[in-house]
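Colleague: Pasting a structure below so you can have a look.
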Amino acid sequence: MAHRAVSSTIEFGVGALRHEDPRYYHSGKQGFWPRTKYALMSTVLVHREGHEKRSVAVGRISGAVGGGLISRAWQPASSAALGLGVASAGISLGATAGFNMAREFWPDIHRHFHRGGQVAQRTTPAPRS
């Protein structure tokens with residue numbers, strides 16, 4: 001929990017200074033690969049106030065790295081290595097990429113199983129015996 005608190009504090013602090021919008025926006029693209037590329041790129045790119053194009057998510061990246069490294073300060077010496085802090089940052093960004101994929105494709109998956117929010121019903125009556 002402390003790792004998440006540290007990384008979130010850094011991410012939102014740096015993001016606020018840079019006017020970054022950390023929310024995920026659906027791509028509006030068609031096809032699996034274009035949507036997947038957009039979702040994965042959204043891990044390291046964000047919208048910024050006053051900018052037309054997305055830019056590097058400095059807040060998100062610095063939060064992941066800072067949280068991974070700072071959280072090692074209260075860990076035992078065997079797990080306080082720099083490499084483990086960087087690995088933790090990679091895992092954090094990987095989890096964000098996974099959540100972005102879920103956010104991009106979940107509406108389609110949900111719609112497929114619920115067909116507009118209603119359970120599929122028979123269109124013809126069942127035969128009587």
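Going through the structure tokens in order, the chains are called A, B, and so on, while each chain numbers its residues from 1 and the ligands are numbered from 1 in the order shown.
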Just the strand (DSSP E) stuff from region 29-126 of chain A, please, per backbone DSSP, written as a list of chain:residue names.

Modeller: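 Answer for region 29-126 of chain A, restricted to strand (DSSP E): A:Leu45, A:Val46, A:His47, A:Arg48, A:Ser55, A:Val56.
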
Colleague: May I have the residues within 7 Å of Leu82 (chain A) as a VMD selection string, using only C-alpha atoms and disregarding those fewer than 3 positions away in the same chain?

Modeller: chain A and resid 69 85 to 86

Colleague: When DSSP works through the backbone of this structure, what residues of region 3-118 of chain A end up as helix (DSSP H, G or I), shown as number ranges by chain?

Modeller: A: 3-17, 32-41, 58-74, 77-79, 82-114

Colleague: Pick out the closest residue to Tyr25 (chain A) from this set: A:Arg4, A:Arg115, A:His47, A:Arg60. Count only C-alpha atoms.

Modeller: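 Checking each candidate against Tyr25 (chain A), we get A:His47 as the closest.
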
Colleague: Counting only C-alpha atoms, figure out which residue out of A:Ser7, A:Thr36, A:Ser79, A:Ser55 gets nearest to Asp21 (chain A).

Modeller: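 Distance minimum relative to Asp21 (chain A) lands on A:Ser55.
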
Colleague: Can you work out the spacing between CA of Ala80 (chain A) and CA of His3 (chain A) in Å, to one decimal?

Modeller: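 Calculated distance between CA of Ala80 (chain A) and CA of His3 (chain A) is 13.1 Å.
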
Colleague: Considering only C-alpha atoms, state which residue in the set A:Ser42, A:Gly50, A:His112, A:Leu84 is at the smallest distance from Arg72 (chain A).

Modeller: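 Closest residue, counting only C-alpha atoms: A:Leu84.
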
Colleague: With only C-alpha atoms as the basis for distance, which of A:Gly31, A:Lys37, A:Met1, A:Val58 is at the shortest distance from Arg18 (chain A)?

Modeller: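 Among the listed residues, A:Val58 lies closest to Arg18 (chain A).
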
Colleague: Considering only C-alpha atoms, can you say which of A:Arg103, A:Arg35, A:Ile61, A:Tyr24 comes closest to Phe12 (chain A)?

Modeller: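 Answer, going by the shortest atom-to-atom distance: A:Ile61.
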
Colleague: Quick one: everything within 12 Å of Ala16 (chain A), counting only C-alpha atoms, minus sequence neighbours fewer than 6 positions away in the same chain. Send it as a ChimeraX atom specification.

Modeller: /A:8-10,22,48-49,57-60

Colleague: Identify which of the residues A:Pro34, A:Gly94, A:Pro76, A:Gly66 lies closest to Val14 (chain A), counting only C-alpha atoms when measuring atom-to-atom distances.

Modeller: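 Checking each of A:Pro34, A:Gly94, A:Pro76, A:Gly66 against Val14 (chain A), counting only C-alpha atoms, the winner is A:Gly66.
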
Colleague: Provide the CA of Ala87 (chain A) to CA of Glu11 (chain A) distance in Å, to one decimal place.

Modeller: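 CA of Glu11 (chain A) lies at a distance of 17.5 Å from CA of Ala87 (chain A).
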
Colleague: Rounded to one decimal place, report the CA of Leu45 (chain A)-CA of Phe99 (chain A) distance in Å.

Modeller: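 Here the two named atoms are 14.5 Å from each other.
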